[in-house]
$ cat protein_18.csv   # CSV, N, CA and C atoms
chain,number,residue,atom,x,y,z
A,1,MET,N,0.8,-1.2,0.0
A,1,MET,CA,0.0,0.0,0.0
A,1,MET,C,0.9,1.3,0.0
A,2,PHE,N,2.0,1.2,0.7
A,2,PHE,CA,2.8,2.4,0.8
A,2,PHE,C,3.5,2.7,-0.6
A,3,LYS,N,3.7,1.6,-1.3
A,3,LYS,CA,4.3,1.8,-2.7
A,3,LYS,C,3.3,2.4,-3.6
A,4,LYS,N,2.0,2.1,-3.5
A,4,LYS,CA,1.0,2.7,-4.3
A,4,LYS,C,0.8,4.1,-4.0
A,5,LEU,N,0.9,4.5,-2.7
A,5,LEU,CA,0.8,5.9,-2.3
A,5,LEU,C,2.0,6.7,-2.9
A,6,LEU,N,3.2,6.1,-2.8
A,6,LEU,CA,4.3,6.8,-3.4
A,6,LEU,C,4.2,7.0,-4.9
A,7,LYS,N,3.6,6.0,-5.6
A,7,LYS,CA,3.5,6.1,-7.0
A,7,LYS,C,2.4,7.1,-7.4
A,8,SER,N,1.4,7.3,-6.6
A,8,SER,CA,0.4,8.3,-6.9
A,8,SER,C,0.7,9.7,-6.4
A,9,LEU,N,1.8,9.9,-5.7
A,9,LEU,CA,2.1,11.3,-5.2
A,9,LEU,C,2.4,12.2,-6.4
A,10,PRO,N,3.2,11.8,-7.4
A,10,PRO,CA,3.4,12.8,-8.5
A,10,PRO,C,2.1,13.2,-9.2
A,11,VAL,N,1.2,12.2,-9.4
A,11,VAL,CA,-0.1,12.5,-10.0
A,11,VAL,C,-0.9,13.5,-9.1
A,12,LEU,N,-0.9,13.3,-7.9
A,12,LEU,CA,-1.6,14.2,-6.9
A,12,LEU,C,-1.0,15.6,-6.9
A,13,ALA,N,0.3,15.6,-7.0
A,13,ALA,CA,1.0,16.9,-7.0
A,13,ALA,C,0.6,17.7,-8.3
A,14,ILE,N,0.5,17.0,-9.4
A,14,ILE,CA,0.1,17.7,-10.7
A,14,ILE,C,-1.3,18.2,-10.6
A,15,PHE,N,-2.2,17.4,-10.1
A,15,PHE,CA,-3.6,17.9,-9.9
A,15,PHE,C,-3.6,19.1,-8.9
A,16,PHE,N,-2.9,19.0,-7.9
A,16,PHE,CA,-2.9,20.1,-6.9
A,16,PHE,C,-2.4,21.4,-7.5
A,17,LEU,N,-1.3,21.3,-8.3
A,17,LEU,CA,-0.7,22.5,-8.9
A,17,LEU,C,-1.6,23.0,-10.0
A,18,ALA,N,-2.3,22.2,-10.7
A,18,ALA,CA,-3.2,22.6,-11.8
A,18,ALA,C,-4.4,23.4,-11.2
A,19,PHE,N,-5.0,22.8,-10.2
A,19,PHE,CA,-6.1,23.5,-9.6
A,19,PHE,C,-5.7,24.7,-8.7
A,20,ALA,N,-4.6,24.7,-8.2
A,20,ALA,CA,-4.1,25.9,-7.4
A,20,ALA,C,-3.9,27.1,-8.3
A,21,GLY,N,-3.6,26.9,-9.6
A,21,GLY,CA,-3.4,28.0,-10.5
A,21,GLY,C,-4.8,28.5,-11.0
A,22,ILE,N,-5.8,27.7,-10.9
A,22,ILE,CA,-7.1,28.2,-11.3
A,22,ILE,C,-7.8,29.0,-10.2
A,23,VAL,N,-7.8,28.6,-9.0
A,23,VAL,CA,-8.5,29.2,-7.9
A,23,VAL,C,-7.6,30.4,-7.4
A,24,LYS,N,-8.2,31.6,-7.4
A,24,LYS,CA,-7.6,32.8,-6.9
A,24,LYS,C,-7.8,32.9,-5.4
A,25,ALA,N,-6.8,33.5,-4.8
A,25,ALA,CA,-6.9,33.7,-3.3
A,25,ALA,C,-8.0,34.6,-2.9
A,26,ASP,N,-8.2,35.7,-3.8
A,26,ASP,CA,-9.2,36.6,-3.4
A,26,ASP,C,-10.7,36.2,-3.6
A,27,GLY,N,-10.9,35.1,-4.4
A,27,GLY,CA,-12.2,34.6,-4.5
A,27,GLY,C,-13.1,35.1,-5.6
A,28,LEU,N,-12.5,36.0,-6.5
A,28,LEU,CA,-13.3,36.6,-7.6
A,28,LEU,C,-12.7,36.2,-8.9
A,29,LEU,N,-13.5,35.7,-9.8
A,29,LEU,CA,-13.0,35.3,-11.1
A,29,LEU,C,-14.0,35.6,-12.2
A,30,VAL,N,-13.6,36.1,-13.4
A,30,VAL,CA,-14.5,36.3,-14.5
A,30,VAL,C,-13.9,35.8,-15.8
A,31,LYS,N,-14.7,35.1,-16.6
A,31,LYS,CA,-14.2,34.5,-17.8
A,31,LYS,C,-15.2,34.8,-18.9
A,32,SER,N,-14.7,35.1,-20.1
A,32,SER,CA,-15.6,35.3,-21.2
A,32,SER,C,-15.8,33.9,-21.9
A,33,MET,N,-17.0,33.8,-22.5
A,33,MET,CA,-17.3,32.5,-23.2
A,33,MET,C,-16.6,32.6,-24.6
A,34,ASP,N,-16.2,31.5,-25.1
A,34,ASP,CA,-15.4,31.5,-26.4
A,34,ASP,C,-16.2,32.2,-27.5
A,35,MET,N,-15.5,33.0,-28.2
A,35,MET,CA,-16.1,33.7,-29.4
A,35,MET,C,-15.6,33.0,-30.6
A,36,PRO,N,-16.4,32.9,-31.7
A,36,PRO,CA,-15.9,32.4,-32.9
A,36,PRO,C,-14.9,33.3,-33.6
A,37,GLY,N,-14.1,32.8,-34.4
A,37,GLY,CA,-13.0,33.6,-35.1
A,37,GLY,C,-13.6,34.6,-36.0
A,38,TYR,N,-14.7,34.3,-36.7
A,38,TYR,CA,-15.3,35.2,-37.7
A,38,TYR,C,-16.8,35.3,-37.4
A,39,ILE,N,-17.3,36.5,-37.5
A,39,ILE,CA,-18.8,36.7,-37.4
A,39,ILE,C,-19.2,37.4,-38.6
A,40,ASN,N,-20.3,37.0,-39.3
A,40,ASN,CA,-20.7,37.6,-40.5
A,40,ASN,C,-22.2,38.1,-40.4
A,41,TYR,N,-22.6,38.4,-39.2
A,41,TYR,CA,-24.0,38.9,-39.0
A,41,TYR,C,-24.0,39.8,-37.7
A,42,ASP,N,-25.1,40.5,-37.6
A,42,ASP,CA,-25.3,41.2,-36.4
A,42,ASP,C,-26.9,41.3,-36.3
A,43,PRO,N,-27.4,41.3,-35.1
A,43,PRO,CA,-26.8,41.4,-33.8
A,43,PRO,C,-26.2,40.0,-33.4
A,44,PHE,N,-25.2,40.0,-32.5
A,44,PHE,CA,-24.7,38.8,-32.0
A,44,PHE,C,-24.5,39.0,-30.5
A,45,LYS,N,-24.2,37.9,-29.8
A,45,LYS,CA,-24.2,38.0,-28.3
A,45,LYS,C,-22.8,37.6,-27.8
A,46,ILE,N,-22.4,38.3,-26.7
A,46,ILE,CA,-21.2,37.9,-26.0
A,46,ILE,C,-21.6,37.6,-24.6
A,47,SER,N,-20.9,36.6,-24.0
A,47,SER,CA,-21.3,36.0,-22.7
A,47,SER,C,-20.1,35.9,-21.8
A,48,TYR,N,-20.4,35.9,-20.5
A,48,TYR,CA,-19.4,35.7,-19.5
A,48,TYR,C,-20.0,34.9,-18.4
A,49,THR,N,-19.1,34.4,-17.5
A,49,THR,CA,-19.5,33.8,-16.3
A,49,THR,C,-18.5,34.3,-15.2
A,50,ALA,N,-19.0,34.5,-14.0
A,50,ALA,CA,-18.2,35.0,-12.9
A,50,ALA,C,-18.4,34.1,-11.7
A,51,ILE,N,-17.4,34.1,-10.8
A,51,ILE,CA,-17.5,33.3,-9.6
A,51,ILE,C,-17.0,34.3,-8.5
A,52,GLN,N,-17.8,34.3,-7.4
A,52,GLN,CA,-17.4,35.1,-6.2
A,52,GLN,C,-17.5,34.1,-5.1
A,53,ALA,N,-16.4,33.6,-4.6
A,53,ALA,CA,-16.3,32.5,-3.6
A,53,ALA,C,-16.9,33.0,-2.2
A,54,ASP,N,-16.8,34.3,-1.9
A,54,ASP,CA,-17.3,34.7,-0.7
A,54,ASP,C,-18.8,35.0,-0.6
A,55,GLY,N,-19.5,34.9,-1.8
A,55,GLY,CA,-20.9,35.2,-1.9
A,55,GLY,C,-21.3,36.6,-1.9
A,56,ASN,N,-20.4,37.5,-2.1
A,56,ASN,CA,-20.7,38.9,-2.1
A,56,ASN,C,-21.2,39.3,-3.5
A,57,PRO,N,-22.0,40.4,-3.6
A,57,PRO,CA,-22.6,40.8,-4.9
A,57,PRO,C,-21.4,41.2,-5.9
A,58,VAL,N,-21.7,40.9,-7.1
A,58,VAL,CA,-20.7,41.2,-8.2
A,58,VAL,C,-21.4,42.1,-9.3
A,59,GLU,N,-20.6,43.0,-9.8
A,59,GLU,CA,-21.0,43.8,-10.9
A,59,GLU,C,-20.0,43.6,-12.0
A,60,VAL,N,-20.5,43.2,-13.2
A,60,VAL,CA,-19.7,42.8,-14.3
A,60,VAL,C,-19.9,43.8,-15.5
A,61,ASN,N,-18.9,44.4,-16.0
A,61,ASN,CA,-18.9,45.3,-17.1
A,61,ASN,C,-18.3,44.7,-18.3
A,62,GLY,N,-18.9,44.8,-19.5
A,62,GLY,CA,-18.4,44.3,-20.7
A,62,GLY,C,-17.8,45.4,-21.6
A,63,TYR,N,-16.7,45.2,-22.2
A,63,TYR,CA,-16.0,46.2,-23.0
A,63,TYR,C,-15.7,45.6,-24.4
A,64,LEU,N,-15.8,46.5,-25.4
A,64,LEU,CA,-15.5,46.1,-26.8
A,64,LEU,C,-14.7,47.2,-27.4
A,65,LYS,N,-13.8,46.9,-28.3
A,65,LYS,CA,-13.1,47.9,-29.1
A,65,LYS,C,-12.7,47.3,-30.5
A,66,LYS,N,-12.7,48.2,-31.4
A,66,LYS,CA,-12.2,47.9,-32.8
A,66,LYS,C,-10.8,48.1,-32.8
A,67,GLU,N,-10.0,47.4,-33.5
A,67,GLU,CA,-8.6,47.6,-33.6
A,67,GLU,C,-8.2,49.0,-34.0
A,68,GLY,N,-7.4,49.6,-33.2
A,68,GLY,CA,-7.0,51.0,-33.4
A,68,GLY,C,-7.9,52.0,-32.7
A,69,ALA,N,-9.0,51.6,-32.1
A,69,ALA,CA,-9.9,52.5,-31.4
A,69,ALA,C,-9.8,52.3,-29.9
A,70,SER,N,-10.6,53.0,-29.1
A,70,SER,CA,-10.5,52.9,-27.7
A,70,SER,C,-11.6,52.0,-27.2
A,71,TRP,N,-11.5,51.5,-25.9
A,71,TRP,CA,-12.5,50.6,-25.3
A,71,TRP,C,-13.8,51.3,-25.1
A,72,GLN,N,-14.9,50.7,-25.4
A,72,GLN,CA,-16.2,51.3,-25.0
A,72,GLN,C,-17.0,50.3,-24.2
A,73,LYS,N,-17.7,50.8,-23.2
A,73,LYS,CA,-18.5,49.9,-22.3
A,73,LYS,C,-19.7,49.6,-23.0
A,74,ILE,N,-20.0,48.3,-23.1
A,74,ILE,CA,-21.2,47.8,-23.8
A,74,ILE,C,-22.3,47.3,-22.9
A,75,GLY,N,-22.1,47.1,-21.6
A,75,GLY,CA,-23.1,46.6,-20.8
A,75,GLY,C,-22.6,46.4,-19.4
A,76,THR,N,-23.6,46.4,-18.4
A,76,THR,CA,-23.3,46.1,-17.0
A,76,THR,C,-24.4,45.1,-16.5
A,77,SER,N,-23.9,44.2,-15.7
A,77,SER,CA,-24.9,43.2,-15.1
A,77,SER,C,-24.4,42.9,-13.7
A,78,THR,N,-25.4,42.5,-12.9
A,78,THR,CA,-25.1,42.1,-11.5
A,78,THR,C,-25.3,40.6,-11.4
A,79,LYS,N,-25.5,39.9,-12.5
A,79,LYS,CA,-25.6,38.4,-12.5
A,79,LYS,C,-24.3,37.8,-12.6
A,80,LEU,N,-24.2,36.5,-12.1
A,80,LEU,CA,-22.9,35.8,-12.2
A,80,LEU,C,-22.7,35.2,-13.6
A,81,ALA,N,-23.7,35.1,-14.4
A,81,ALA,CA,-23.6,34.7,-15.8
A,81,ALA,C,-24.6,35.5,-16.6
A,82,ASP,N,-24.2,36.1,-17.7
A,82,ASP,CA,-25.1,36.9,-18.4
A,82,ASP,C,-24.6,37.1,-19.9
A,83,THR,N,-25.4,37.6,-20.7
A,83,THR,CA,-25.1,37.8,-22.1
A,83,THR,C,-25.4,39.3,-22.5
A,84,PHE,N,-24.6,39.9,-23.3
A,84,PHE,CA,-24.8,41.2,-23.8
A,84,PHE,C,-25.0,41.1,-25.3
A,85,ASN,N,-26.0,41.9,-25.8
A,85,ASN,CA,-26.4,41.9,-27.2
A,85,ASN,C,-25.5,43.0,-27.9
A,86,ILE,N,-24.9,42.6,-29.0
A,86,ILE,CA,-24.1,43.6,-29.8
A,86,ILE,C,-24.8,43.8,-31.1
A,87,ASP,N,-25.2,45.0,-31.4
A,87,ASP,CA,-25.8,45.3,-32.7
A,87,ASP,C,-25.0,46.3,-33.5
A,88,GLY,N,-25.5,46.6,-34.7
A,88,GLY,CA,-24.8,47.5,-35.6
A,88,GLY,C,-24.6,48.9,-35.1
A,89,GLY,N,-25.4,49.3,-34.1
A,89,GLY,CA,-25.3,50.7,-33.5
A,89,GLY,C,-24.0,50.8,-32.7
A,90,ILE,N,-23.5,49.7,-32.1
A,90,ILE,CA,-22.3,49.7,-31.3
A,90,ILE,C,-21.1,49.5,-32.2
A,91,LEU,N,-21.2,48.7,-33.3
A,91,LEU,CA,-20.1,48.4,-34.2
A,91,LEU,C,-19.8,49.6,-35.1
A,92,SER,N,-18.5,49.7,-35.4
A,92,SER,CA,-18.1,50.8,-36.3
A,92,SER,C,-17.5,50.2,-37.6
A,93,GLY,N,-18.3,49.3,-38.2
A,93,GLY,CA,-17.9,48.7,-39.5
A,93,GLY,C,-17.2,47.3,-39.2
A,94,ASP,N,-16.8,46.7,-40.3
A,94,ASP,CA,-16.1,45.4,-40.3
A,94,ASP,C,-14.7,45.6,-39.9
A,95,GLY,N,-14.1,44.5,-39.3
A,95,GLY,CA,-12.7,44.5,-38.9
A,95,GLY,C,-12.5,43.7,-37.7
A,96,LEU,N,-11.3,43.8,-37.2
A,96,LEU,CA,-10.9,43.0,-36.0
A,96,LEU,C,-11.4,43.7,-34.7
A,97,TYR,N,-12.1,43.0,-33.9
A,97,TYR,CA,-12.6,43.5,-32.6
A,97,TYR,C,-12.0,42.7,-31.4
A,98,LYS,N,-12.0,43.3,-30.3
A,98,LYS,CA,-11.6,42.6,-29.0
A,98,LYS,C,-12.7,42.9,-28.0
A,99,ILE,N,-12.9,41.9,-27.1
A,99,ILE,CA,-13.8,42.1,-25.9
A,99,ILE,C,-13.1,41.6,-24.7
A,100,TYR,N,-13.5,42.1,-23.5
A,100,TYR,CA,-13.1,41.6,-22.2
A,100,TYR,C,-14.2,42.0,-21.2
A,101,PHE,N,-14.2,41.3,-20.1
A,101,PHE,CA,-15.1,41.6,-19.0
A,101,PHE,C,-14.4,42.0,-17.8
A,102,GLN,N,-14.9,42.9,-17.0
A,102,GLN,CA,-14.3,43.3,-15.7
A,102,GLN,C,-15.4,43.0,-14.6
A,103,ALA,N,-15.0,42.2,-13.6
A,103,ALA,CA,-15.9,42.0,-12.5
A,103,ALA,C,-15.4,42.7,-11.2
A,104,VAL,N,-16.3,43.4,-10.5
A,104,VAL,CA,-16.0,44.1,-9.3
A,104,VAL,C,-16.9,43.7,-8.2
A,105,SER,N,-16.3,43.3,-7.1
A,105,SER,CA,-17.0,42.9,-5.9
A,105,SER,C,-16.3,43.5,-4.7
A,106,GLY,N,-16.9,44.6,-4.1
A,106,GLY,CA,-16.3,45.3,-3.0
A,106,GLY,C,-15.0,45.9,-3.5
A,107,VAL,N,-13.9,45.6,-2.9
A,107,VAL,CA,-12.6,46.1,-3.3
A,107,VAL,C,-11.8,45.2,-4.3
A,108,GLU,N,-12.4,44.0,-4.6
A,108,GLU,CA,-11.8,43.1,-5.5
A,108,GLU,C,-12.2,43.4,-6.9
A,109,THR,N,-11.2,43.3,-7.8
A,109,THR,CA,-11.5,43.5,-9.3
A,109,THR,C,-10.7,42.4,-10.0
A,110,ASP,N,-11.4,41.8,-11.0
A,110,ASP,CA,-10.8,40.8,-11.9
A,110,ASP,C,-11.2,41.1,-13.3
A,111,ASN,N,-10.2,41.0,-14.3
A,111,ASN,CA,-10.5,41.1,-15.7
A,111,ASN,C,-10.3,39.8,-16.4
A,112,SER,N,-11.2,39.5,-17.3
A,112,SER,CA,-11.1,38.3,-18.1
A,112,SER,C,-10.0,38.5,-19.2
A,113,ASP,N,-9.6,37.5,-19.8
A,113,ASP,CA,-8.7,37.6,-20.9
A,113,ASP,C,-9.4,38.3,-22.1
A,114,GLU,N,-8.6,39.0,-22.9
A,114,GLU,CA,-9.1,39.6,-24.1
A,114,GLU,C,-9.3,38.5,-25.2
A,115,GLU,N,-10.4,38.6,-25.9
A,115,GLU,CA,-10.7,37.7,-27.0
A,115,GLU,C,-10.8,38.5,-28.3
A,116,SER,N,-10.3,38.0,-29.3
A,116,SER,CA,-10.3,38.7,-30.6
A,116,SER,C,-11.2,37.9,-31.6
A,117,PHE,N,-11.9,38.7,-32.4
A,117,PHE,CA,-12.7,38.1,-33.5
A,117,PHE,C,-12.8,39.1,-34.6
A,118,THR,N,-13.1,38.6,-35.8
A,118,THR,CA,-13.2,39.5,-37.0
A,118,THR,C,-14.7,39.5,-37.4
A,119,ILE,N,-15.2,40.7,-37.7
A,119,ILE,CA,-16.5,40.9,-38.2
A,119,ILE,C,-16.3,41.2,-39.7
A,120,ASP,N,-17.0,40.4,-40.5
A,120,ASP,CA,-16.9,40.5,-42.0
A,120,ASP,C,-18.3,40.2,-42.5
A,121,ARG,N,-19.0,41.3,-42.8
A,121,ARG,CA,-20.4,41.2,-43.3
A,121,ARG,C,-20.5,41.4,-44.8
A,122,ALA,N,-19.4,41.6,-45.4
A,122,ALA,CA,-19.4,41.9,-46.9
A,122,ALA,C,-19.8,40.6,-47.7
A,123,ALA,N,-20.6,40.8,-48.7
A,123,ALA,CA,-21.0,39.7,-49.5
A,123,ALA,C,-19.9,39.3,-50.4
A,124,PRO,N,-19.8,38.0,-50.8
A,124,PRO,CA,-18.8,37.6,-51.7
A,124,PRO,C,-19.1,38.2,-53.1
A,125,GLY,N,-18.1,38.3,-53.9
A,125,GLY,CA,-18.2,38.9,-55.3
A,125,GLY,C,-19.0,37.9,-56.1
A,126,PRO,N,-19.5,38.5,-57.3
A,126,PRO,CA,-20.3,37.6,-58.2
A,126,PRO,C,-19.4,36.5,-58.8
A,127,VAL,N,-20.0,35.5,-59.2
A,127,VAL,CA,-19.3,34.4,-59.9
A,127,VAL,C,-18.8,34.9,-61.2
A,128,SER,N,-17.5,34.6,-61.5
A,128,SER,CA,-16.9,35.1,-62.8
A,128,SER,C,-16.0,34.0,-63.4
A,129,ASN,N,-15.7,34.1,-64.6
A,129,ASN,CA,-14.8,33.1,-65.3
A,129,ASN,C,-15.4,31.7,-65.2
A,130,TYR,N,-16.7,31.5,-65.3
A,130,TYR,CA,-17.3,30.2,-65.2
A,130,TYR,C,-17.4,29.7,-66.6
A,131,ARG,N,-17.0,28.5,-66.9
A,131,ARG,CA,-17.2,27.9,-68.2
A,131,ARG,C,-17.3,26.4,-68.0
A,132,LYS,N,-17.8,25.7,-69.0
A,132,LYS,CA,-18.0,24.3,-69.0
A,132,LYS,C,-17.2,23.7,-70.2
A,133,GLU,N,-16.5,22.6,-69.9
A,133,GLU,CA,-15.7,22.0,-70.9
A,133,GLU,C,-16.0,20.5,-70.9
A,134,ARG,N,-15.9,19.9,-72.1
A,134,ARG,CA,-16.1,18.5,-72.2
A,134,ARG,C,-14.7,17.9,-72.3
A,135,THR,N,-14.4,17.0,-71.4
A,135,THR,CA,-13.0,16.5,-71.3
A,135,THR,C,-12.9,15.1,-71.9
A,136,GLY,N,-14.0,14.5,-72.3
A,136,GLY,CA,-14.0,13.1,-72.8
A,136,GLY,C,-15.2,12.9,-73.6
A,137,ALA,N,-15.3,11.7,-74.2
A,137,ALA,CA,-16.4,11.3,-75.1
A,137,ALA,C,-17.7,11.2,-74.4

$ encode --input "protein_18.csv" --output "structure tokens"
Amino acid sequence: MFKKLLKSLPVLAIFFLAFAGIVKADGLLVKSMDMPGYINYDPFKISYTAIQADGNPVEVNGYLKKEGASWQKIGTSTKLADTFNIDGGILSGDGLYKIYFQAVSGVETDNSDEESFTIDRAAPGPVSNYRKERTGA
């Protein structure tokens, strides 16, 4: 039994280190939901989820920016998981955009990672150089 315990120690250490990196000491965490790489329509939705280990109220703000522009606040929520609707009035044309979320609970603040995606709503060009050939009998 002692040998089995010794063999399992490296595995337990890896699990401990993996989960220790996920859980923050202050108890507040916010993550954005995965965005697709390309979006060719609007309106679309961006979502987040937040965790407050102490049970305190949380306020989450969503931010969006087009490449080369400044961040603009697109919504605020007091829910631990919510969705913000993005429509053409917020967007300034096609291009590369970034989003992130900021959670605030008392004196604690946490920012999600930035996510990038491209908006391309332009229609493809007309079909050209189309021809039909007979290659055999």

$ atom_distance --input "protein_18.csv" --atom1 "CA of Gly62 (chain A)" --atom2 "CA of Ser112 (chain A)"
9.8 Å

$ atom_distance --input "protein_18.csv" --atom1 "CA of Pro57 (chain A)" --atom2 "CA of Gly27 (chain A)"
12.1 Å

$ select_by_dssp --input "protein_18.csv" --residues "chain A" --states "alpha helix (DSSP H)" --output "list in words"
Phe2, Lys3, Lys4, Leu5, Leu6, Lys7, Ser8, Leu9, Pro10, Val11, Leu12, Ala13, Ile14, Phe15, Phe16, Leu17, Ala18, Phe19, Ala20, Gly21 and Ile22 of chain A

$ write_last_selection --input "protein_18.csv" --atoms "N, CA and C atoms" --output "PDB file, in the frame of the given file"
ATOM      1  N   PHE A   2       2.000   1.200   0.700  1.00  0.00           N
ATOM      2  CA  PHE A   2       2.800   2.400   0.800  1.00  0.00           C
ATOM      3  C   PHE A   2       3.500   2.700  -0.600  1.00  0.00           C
ATOM      4  N   LYS A   3       3.700   1.600  -1.300  1.00  0.00           N
ATOM      5  CA  LYS A   3       4.300   1.800  -2.700  1.00  0.00           C
ATOM      6  C   LYS A   3       3.300   2.400  -3.600  1.00  0.00           C
ATOM      7  N   LYS A   4       2.000   2.100  -3.500  1.00  0.00           N
ATOM      8  CA  LYS A   4       1.000   2.700  -4.300  1.00  0.00           C
ATOM      9  C   LYS A   4       0.800   4.100  -4.000  1.00  0.00           C
ATOM     10  N   LEU A   5       0.900   4.500  -2.700  1.00  0.00           N
ATOM     11  CA  LEU A   5       0.800   5.900  -2.300  1.00  0.00           C
ATOM     12  C   LEU A   5       2.000   6.700  -2.900  1.00  0.00           C
ATOM     13  N   LEU A   6       3.200   6.100  -2.800  1.00  0.00           N
ATOM     14  CA  LEU A   6       4.300   6.800  -3.400  1.00  0.00           C
ATOM     15  C   LEU A   6       4.200   7.000  -4.900  1.00  0.00           C
ATOM     16  N   LYS A   7       3.600   6.000  -5.600  1.00  0.00           N
ATOM     17  CA  LYS A   7       3.500   6.100  -7.000  1.00  0.00           C
ATOM     18  C   LYS A   7       2.400   7.100  -7.400  1.00  0.00           C
ATOM     19  N   SER A   8       1.400   7.300  -6.600  1.00  0.00           N
ATOM     20  CA  SER A   8       0.400   8.300  -6.900  1.00  0.00           C
ATOM     21  C   SER A   8       0.700   9.700  -6.400  1.00  0.00           C
ATOM     22  N   LEU A   9       1.800   9.900  -5.700  1.00  0.00           N
ATOM     23  CA  LEU A   9       2.100  11.300  -5.200  1.00  0.00           C
ATOM     24  C   LEU A   9       2.400  12.200  -6.400  1.00  0.00           C
ATOM     25  N   PRO A  10       3.200  11.800  -7.400  1.00  0.00           N
ATOM     26  CA  PRO A  10       3.400  12.800  -8.500  1.00  0.00           C
ATOM     27  C   PRO A  10       2.100  13.200  -9.200  1.00  0.00           C
ATOM     28  N   VAL A  11       1.200  12.200  -9.400  1.00  0.00           N
ATOM     29  CA  VAL A  11      -0.100  12.500 -10.000  1.00  0.00           C
ATOM     30  C   VAL A  11      -0.900  13.500  -9.100  1.00  0.00           C
ATOM     31  N   LEU A  12      -0.900  13.300  -7.900  1.00  0.00           N
ATOM     32  CA  LEU A  12      -1.600  14.200  -6.900  1.00  0.00           C
ATOM     33  C   LEU A  12      -1.000  15.600  -6.900  1.00  0.00           C
ATOM     34  N   ALA A  13       0.300  15.600  -7.000  1.00  0.00           N
ATOM     35  CA  ALA A  13       1.000  16.900  -7.000  1.00  0.00           C
ATOM     36  C   ALA A  13       0.600  17.700  -8.300  1.00  0.00           C
ATOM     37  N   ILE A  14       0.500  17.000  -9.400  1.00  0.00           N
ATOM     38  CA  ILE A  14       0.100  17.700 -10.700  1.00  0.00           C
ATOM     39  C   ILE A  14      -1.300  18.200 -10.600  1.00  0.00           C
ATOM     40  N   PHE A  15      -2.200  17.400 -10.100  1.00  0.00           N
ATOM     41  CA  PHE A  15      -3.600  17.900  -9.900  1.00  0.00           C
ATOM     42  C   PHE A  15      -3.600  19.100  -8.900  1.00  0.00           C
ATOM     43  N   PHE A  16      -2.900  19.000  -7.900  1.00  0.00           N
ATOM     44  CA  PHE A  16      -2.900  20.100  -6.900  1.00  0.00           C
ATOM     45  C   PHE A  16      -2.400  21.400  -7.500  1.00  0.00           C
ATOM     46  N   LEU A  17      -1.300  21.300  -8.300  1.00  0.00           N
ATOM     47  CA  LEU A  17      -0.700  22.500  -8.900  1.00  0.00           C
ATOM     48  C   LEU A  17      -1.600  23.000 -10.000  1.00  0.00           C
ATOM     49  N   ALA A  18      -2.300  22.200 -10.700  1.00  0.00           N
ATOM     50  CA  ALA A  18      -3.200  22.600 -11.800  1.00  0.00           C
ATOM     51  C   ALA A  18      -4.400  23.400 -11.200  1.00  0.00           C
ATOM     52  N   PHE A  19      -5.000  22.800 -10.200  1.00  0.00           N
ATOM     53  CA  PHE A  19      -6.100  23.500  -9.600  1.00  0.00           C
ATOM     54  C   PHE A  19      -5.700  24.700  -8.700  1.00  0.00           C
ATOM     55  N   ALA A  20      -4.600  24.700  -8.200  1.00  0.00           N
ATOM     56  CA  ALA A  20      -4.100  25.900  -7.400  1.00  0.00           C
ATOM     57  C   ALA A  20      -3.900  27.100  -8.300  1.00  0.00           C
ATOM     58  N   GLY A  21      -3.600  26.900  -9.600  1.00  0.00           N
ATOM     59  CA  GLY A  21      -3.400  28.000 -10.500  1.00  0.00           C
ATOM     60  C   GLY A  21      -4.800  28.500 -11.000  1.00  0.00           C
ATOM     61  N   ILE A  22      -5.800  27.700 -10.900  1.00  0.00           N
ATOM     62  CA  ILE A  22      -7.100  28.200 -11.300  1.00  0.00           C
ATOM     63  C   ILE A  22      -7.800  29.000 -10.200  1.00  0.00           C
TER      64      ILE A  22
END

$ atom_distance --input "protein_18.csv" --atom1 "atom C of Val127 (chain A)" --atom2 "atom C of Ile39 (chain A)"
22.7 Å

$ residues_near_point --input "protein_18.csv" --point "(-17.2, 51.1, -32.0)" --cutoff "6 Å" --atoms "all atoms listed in the file" --output "PyMOL selection string"
chain A and resi 65-66+90-92

$ closest_residue --input "protein_18.csv" --among "A:Ala81, A:Ala50, A:Leu96, A:Met35" --to "Asp120 (chain A)" --atoms "only N, CA and C atoms"
A:Leu96

$ residues_near_point --input "protein_18.csv" --point "(-9.9, 40.0, -23.1)" --cutoff "7 Å" --atoms "all atoms listed in the file" --output "ChimeraX atom specification"
/A:98-101,111-116

$ residues_around --input "protein_18.csv" --residues "region 28-34 of chain A" --least-positions-apart "3" --cutoff "7 Å" --atoms "only N, CA and C atoms" --output "JSON, numbers by chain"
{"A": [24, 25, 46, 47, 48, 49, 50, 51, 52, 53, 54, 100, 101, 102, 103, 108, 109, 110, 111, 112, 113]}
